[in-house]
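Engineer: Data: work18.cif, mmCIF, C-alpha atoms and all ligand atoms.
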data_model
loop_
_atom_site.label_atom_id
_atom_site.label_comp_id
_atom_site.auth_asym_id
_atom_site.auth_seq_id
_atom_site.Cartn_x
_atom_site.Cartn_y
_atom_site.Cartn_z
CA MET A 1 111.70 93.93 102.58
CA LYS A 2 108.35 95.63 102.07
CA LEU A 3 105.51 93.35 101.01
CA GLU A 4 104.76 95.50 97.94
CA GLU A 5 108.32 94.82 96.71
CA GLN A 6 107.87 91.08 97.16
CA TYR A 7 104.68 90.26 95.27
CA LYS A 8 103.80 91.29 91.73
CA LEU A 9 100.62 91.58 89.73
CA ILE A 10 101.39 90.49 86.19
CA TYR A 11 99.12 91.10 83.20
CA PHE A 12 99.50 88.65 80.34
CA LYS A 13 99.07 89.16 76.62
CA ASP A 14 95.67 88.24 75.28
CA LEU A 15 96.09 86.92 71.77
CA GLY A 16 92.33 86.63 71.35
CA ASP A 17 90.54 87.27 68.12
CA GLU A 18 87.02 86.81 66.79
CA ARG A 19 87.28 83.11 67.72
CA GLY A 20 87.72 83.84 71.41
CA ASN A 21 90.41 84.64 73.96
CA LEU A 22 93.83 83.11 74.30
CA VAL A 23 96.18 84.03 77.12
CA VAL A 24 99.81 82.92 77.07
CA ILE A 25 102.11 82.58 80.08
CA GLU A 26 105.73 81.79 79.24
CA GLY A 27 108.17 80.82 81.97
CA GLU A 28 111.92 81.23 82.44
CA GLY A 29 111.92 85.00 82.71
CA MET A 30 109.65 85.73 79.74
CA ASP A 31 106.28 86.46 81.40
CA ILE A 32 107.05 85.09 84.84
CA PRO A 33 110.46 84.93 86.56
CA PHE A 34 110.72 81.16 86.96
CA ASP A 35 110.84 77.89 85.06
CA ILE A 36 107.46 76.13 85.51
CA LYS A 37 107.94 72.69 87.09
CA ARG A 38 104.45 72.03 88.45
CA VAL A 39 100.89 73.11 87.74
CA PHE A 40 97.84 72.55 89.88
CA TYR A 41 94.37 74.03 89.95
CA ILE A 42 91.72 74.40 92.58
CA TYR A 43 88.00 74.42 91.84
CA GLY A 44 84.79 73.49 93.61
CA SER A 45 85.86 75.16 96.86
CA ASP A 46 82.92 76.55 98.79
CA THR A 47 82.69 80.29 99.54
CA THR A 48 83.25 79.57 103.24
CA VAL A 49 86.46 77.59 102.68
CA VAL A 50 89.90 79.01 103.46
CA ARG A 51 92.71 77.19 101.64
CA GLY A 52 96.44 77.66 101.75
CA ARG A 53 97.33 78.73 105.30
CA HIS A 54 100.95 78.01 104.60
CA ALA A 55 104.23 79.43 103.37
CA ASN A 56 106.81 77.69 101.20
CA ARG A 57 110.51 77.79 101.86
CA LYS A 58 111.54 77.33 98.22
CA THR A 59 108.64 77.53 95.79
CA GLU A 60 107.70 80.60 93.78
CA PHE A 61 104.08 80.72 92.62
CA LEU A 62 101.93 82.38 90.02
CA LEU A 63 98.20 82.32 90.75
CA VAL A 64 95.57 83.04 88.11
CA ASN A 65 91.80 82.75 88.37
CA VAL A 66 91.25 81.44 84.85
CA SER A 67 87.53 81.38 85.67
CA GLY A 68 85.54 83.19 88.36
CA LYS A 69 87.23 84.86 91.27
CA SER A 70 88.88 84.38 94.61
CA ARG A 71 90.84 86.43 97.10
CA VAL A 72 94.35 85.83 98.33
CA ARG A 73 95.56 87.26 101.61
CA ILE A 74 99.33 87.50 101.65
CA ASP A 75 101.48 88.20 104.67
CA ASN A 76 105.24 88.55 105.17
CA GLY A 77 105.07 88.52 108.96
CA ARG A 78 105.07 92.32 109.18
CA GLU A 79 102.53 93.45 106.60
CA SER A 80 99.57 91.89 104.84
CA ALA A 81 97.55 92.64 101.71
CA VAL A 82 94.51 91.20 99.97
CA VAL A 83 94.48 90.65 96.22
CA GLU A 84 91.33 89.80 94.30
CA LEU A 85 92.01 87.52 91.36
CA ASN A 86 89.16 88.06 88.92
CA LYS A 87 90.61 88.16 85.40
CA PRO A 88 92.00 85.27 83.35
CA GLY A 89 94.80 87.55 82.14
CA MET A 90 96.01 88.65 85.55
CA GLY A 91 98.41 86.72 87.76
CA LEU A 92 99.74 87.13 91.26
CA TYR A 93 103.44 86.29 91.56
CA LEU A 94 104.64 85.23 95.01
CA PRO A 95 108.26 84.58 95.97
CA PRO A 96 109.13 81.99 98.64
CA MET A 97 108.35 82.64 102.31
CA ILE A 98 105.06 84.50 101.90
CA TRP A 99 102.21 83.26 104.08
CA LYS A 100 99.04 82.89 101.99
CA ASP A 101 95.35 82.20 102.46
CA MET A 102 92.97 81.73 99.53
CA TYR A 103 89.26 82.29 100.18
CA ASP A 104 86.01 83.83 98.87
CA PHE A 105 85.94 81.40 95.95
CA SER A 106 83.11 82.09 93.52
CA GLU A 107 81.11 79.07 92.43
CA ASP A 108 82.79 79.14 89.01
CA SER A 109 86.28 79.74 90.44
CA VAL A 110 89.13 77.84 88.84
CA LEU A 111 92.37 78.94 90.45
CA LEU A 112 95.38 77.91 88.38
CA VAL A 113 98.72 77.78 90.19
CA LEU A 114 102.08 77.59 88.41
CA CYS A 115 105.04 76.59 90.57
CA SER A 116 108.81 76.80 90.32
CA GLN A 117 109.36 73.51 92.23
CA HIS A 118 108.00 70.00 92.32
CA TYR A 119 105.84 69.14 95.31
CA ASP A 120 107.78 68.56 98.50
CA ALA A 121 105.81 68.50 101.76
CA GLU A 122 109.03 69.35 103.65
CA GLU A 123 109.24 72.83 102.18
CA TYR A 124 105.75 73.76 103.40
CA ILE A 125 105.42 75.67 106.68
CA ARG A 126 101.91 75.08 107.97
CA ASP A 127 102.25 76.64 111.40
CA TYR A 128 102.18 80.44 111.57
CA GLN A 129 104.37 80.67 114.69
CA THR A 130 107.02 78.50 112.99
CA TYR A 131 106.78 80.78 109.96
CA LEU A 132 107.34 83.89 112.11
CA HIS A 133 110.34 82.25 113.80
CA GLU A 134 111.89 81.34 110.45
CA ILE A 135 111.51 84.74 108.81
CA ASN A 136 112.87 86.41 111.92
CA GLY A 137 115.89 84.11 111.80
CA GLU A 138 115.09 82.44 115.11
CA ALA A 139 115.90 78.79 115.68
P1 LIG B 1 97.09 71.74 100.30
O1 LIG B 1 98.50 72.22 100.32
O2 LIG B 1 96.39 71.65 101.61
O3 LIG B 1 96.23 72.63 99.30
P2 LIG B 1 95.97 74.23 99.37
O4 LIG B 1 97.29 74.90 99.21
O5 LIG B 1 95.10 74.52 98.21
O6 LIG B 1 95.27 74.54 100.64
O7 LIG B 1 97.08 70.34 99.56
C1 LIG B 1 96.08 69.37 99.75
C2 LIG B 1 96.70 67.99 99.64
O8 LIG B 1 97.23 67.75 98.35
C3 LIG B 1 97.82 67.78 100.63
O9 LIG B 1 97.73 66.46 101.14
C4 LIG B 1 99.08 67.87 99.80
C5 LIG B 1 98.62 67.42 98.43
N1 LIG B 1 99.33 68.09 97.31
C6 LIG B 1 100.18 67.35 96.51
O10 LIG B 1 100.40 66.15 96.70
N2 LIG B 1 100.81 67.99 95.48
C7 LIG B 1 100.62 69.31 95.23
O11 LIG B 1 101.22 69.87 94.28
C8 LIG B 1 99.73 70.07 96.09
C9 LIG B 1 99.49 71.53 95.86
C10 LIG B 1 99.10 69.41 97.10
#
Do you think you could lay out the structure here as structure tokens?
Ligand code: TYD
Structural biologist:
Amino acid sequence: MKLEEQYKLIYFKDLGDERGNLVVIEGEGMDIPFDIKRVFYIYGSDTTVVRGRHANRKTEFLLVNVSGKSRVRIDNGRESAVVELNKPGMGLYLPPMIWKDMYDFSEDSVLLVLCSQHYDAEEYIRDYQTYLHEINGEA
């Protein structure tokens, strides 16, 4: 499958008013395709840091820079793309088995990650050669 058919940029409703902004993300097929089972957020990463460097066999993700910005390099073993996350109302949806690197974190970056699965170290692939073997159906 082409990479552009695998990931999605999703723009969420801003219910803000004169009191400020309010962005809502509803799971289970409303705003994002999955039921949210886990949430984590990354902040305080230096501009020189590269995080991620893994793919997940089962988990779907939605990444939102709720503050500041960062870049995500995504790769399906054949193609790659870079997405800049720089708006609190914009999310990057990733299905399972996409290799991802997060980097170029601004000082005020808070990267919120919504996940379809609980944490399970066994479903992480942290070696790129292993990842390539698995997506190519090699043992
Ligand atoms: P890691 O996967 O390296 O973070 P990133 O994807 O941002 O590069 O996670 C760092 C550590 O935290 C690692 O020991 C696994 C642990 N961890 C959990 O226990 N639960 C979680 O939900 C996540 C994302 C990480």
Engineer: State, in Å with one decimal place, the distance from atom CA of A:Glu107 to atom CA of A:Lys87.
Structural biologist: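 Answer for the atom CA of A:Glu107 to atom CA of A:Lys87 separation: 14.9 Å.
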Engineer: Just want the residues within 12 Å of ligand LIG 1 (chain B), written as a PyMOL selection string, counting all atoms listed in the file.
Structural biologist: chain A and resi 37-45+49-56+59+61+63+72+99-103+105+110-126
Engineer: Counting only C-alpha atoms, find residues at most 9 Å from (106.2, 85.3, 92.4) (file frame) and give them as a PyMOL selection string.
Structural biologist: chain A and resi 6-9+32-34+59-63+92-96+115
Engineer: Go ahead and write the residues just picked, C-alpha atoms, as a compact mmCIF listing (two decimals), in the frame of the given file.
Structural biologist:
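Final output, selection_30.txt:
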# COMPACT_ATOMS: atom_id res chain seq x y z
CA GLN A 6 107.87 91.08 97.16
CA TYR A 7 104.68 90.26 95.27
CA LYS A 8 103.80 91.29 91.73
CA LEU A 9 100.62 91.58 89.73
CA ILE A 32 107.05 85.09 84.84
CA PRO A 33 110.46 84.93 86.56
CA PHE A 34 110.72 81.16 86.96
CA THR A 59 108.64 77.53 95.79
CA GLU A 60 107.70 80.60 93.78
CA PHE A 61 104.08 80.72 92.62
CA LEU A 62 101.93 82.38 90.02
CA LEU A 63 98.20 82.32 90.75
CA LEU A 92 99.74 87.13 91.26
CA TYR A 93 103.44 86.29 91.56
CA LEU A 94 104.64 85.23 95.01
CA PRO A 95 108.26 84.58 95.97
CA PRO A 96 109.13 81.99 98.64
CA CYS A 115 105.04 76.59 90.57
Engineer: Can you find the residues with an atom no farther than 7 Å from (96.5, 87.7, 101.5), counting only C-alpha atoms, and report them as a list in words?
Structural biologist: Val72, Arg73, Ile74, Asp75, Ser80, Ala81, Val82, Val83, Lys100 and Asp101 of chain A
Engineer: Which one is closest to A:Arg78: A:Met90, A:Ile98, A:Ser106, A:Thr130? Count only C-alpha atoms.
Structural biologist: A:Ile98
Engineer: So that I can see what lies close to A:Leu132, please list as a VMD selection string the residues with an atom at most 9 Å from it, counting all atoms listed in the file and leaving out residues fewer than 5 positions away in the same chain.
Structural biologist: chain A and resid 76 to 77 127 137 to 138
Engineer: So the first atom is atom CA of A:Leu15 and the second is atom CA of A:Pro88; what is the distance between them in Å, to one decimal place?
Structural biologist: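 According to the coordinates, atom CA of A:Leu15 and atom CA of A:Pro88 are separated by 12.4 Å.
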Engineer: Step by step, gather every atom of stretch 110-123 of chain A that the file lists, find the box along x, y and z that holds them, add 5 Å on each side, and finally give centre and edge lengths in Å to one decimal, as AutoDock Vina command-line options.
Structural biologist:
--center_x 99.2 --center_y 73.7 --center_z 96.0 --size_x 30.2 --size_y 20.4 --size_z 25.3
Engineer: Find the residue from A:Glu28, A:Gly20, A:Gln129, A:Glu84 that sits nearest to A:Val64; use all atoms listed in the file when measuring.
Structural biologist: A:Glu84
Engineer: What is the distance, in Å and to one decimal place, between atom CA of A:Gly89 and atom CA of A:Val23?
Structural biologist: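 It comes out at 6.3 Å.
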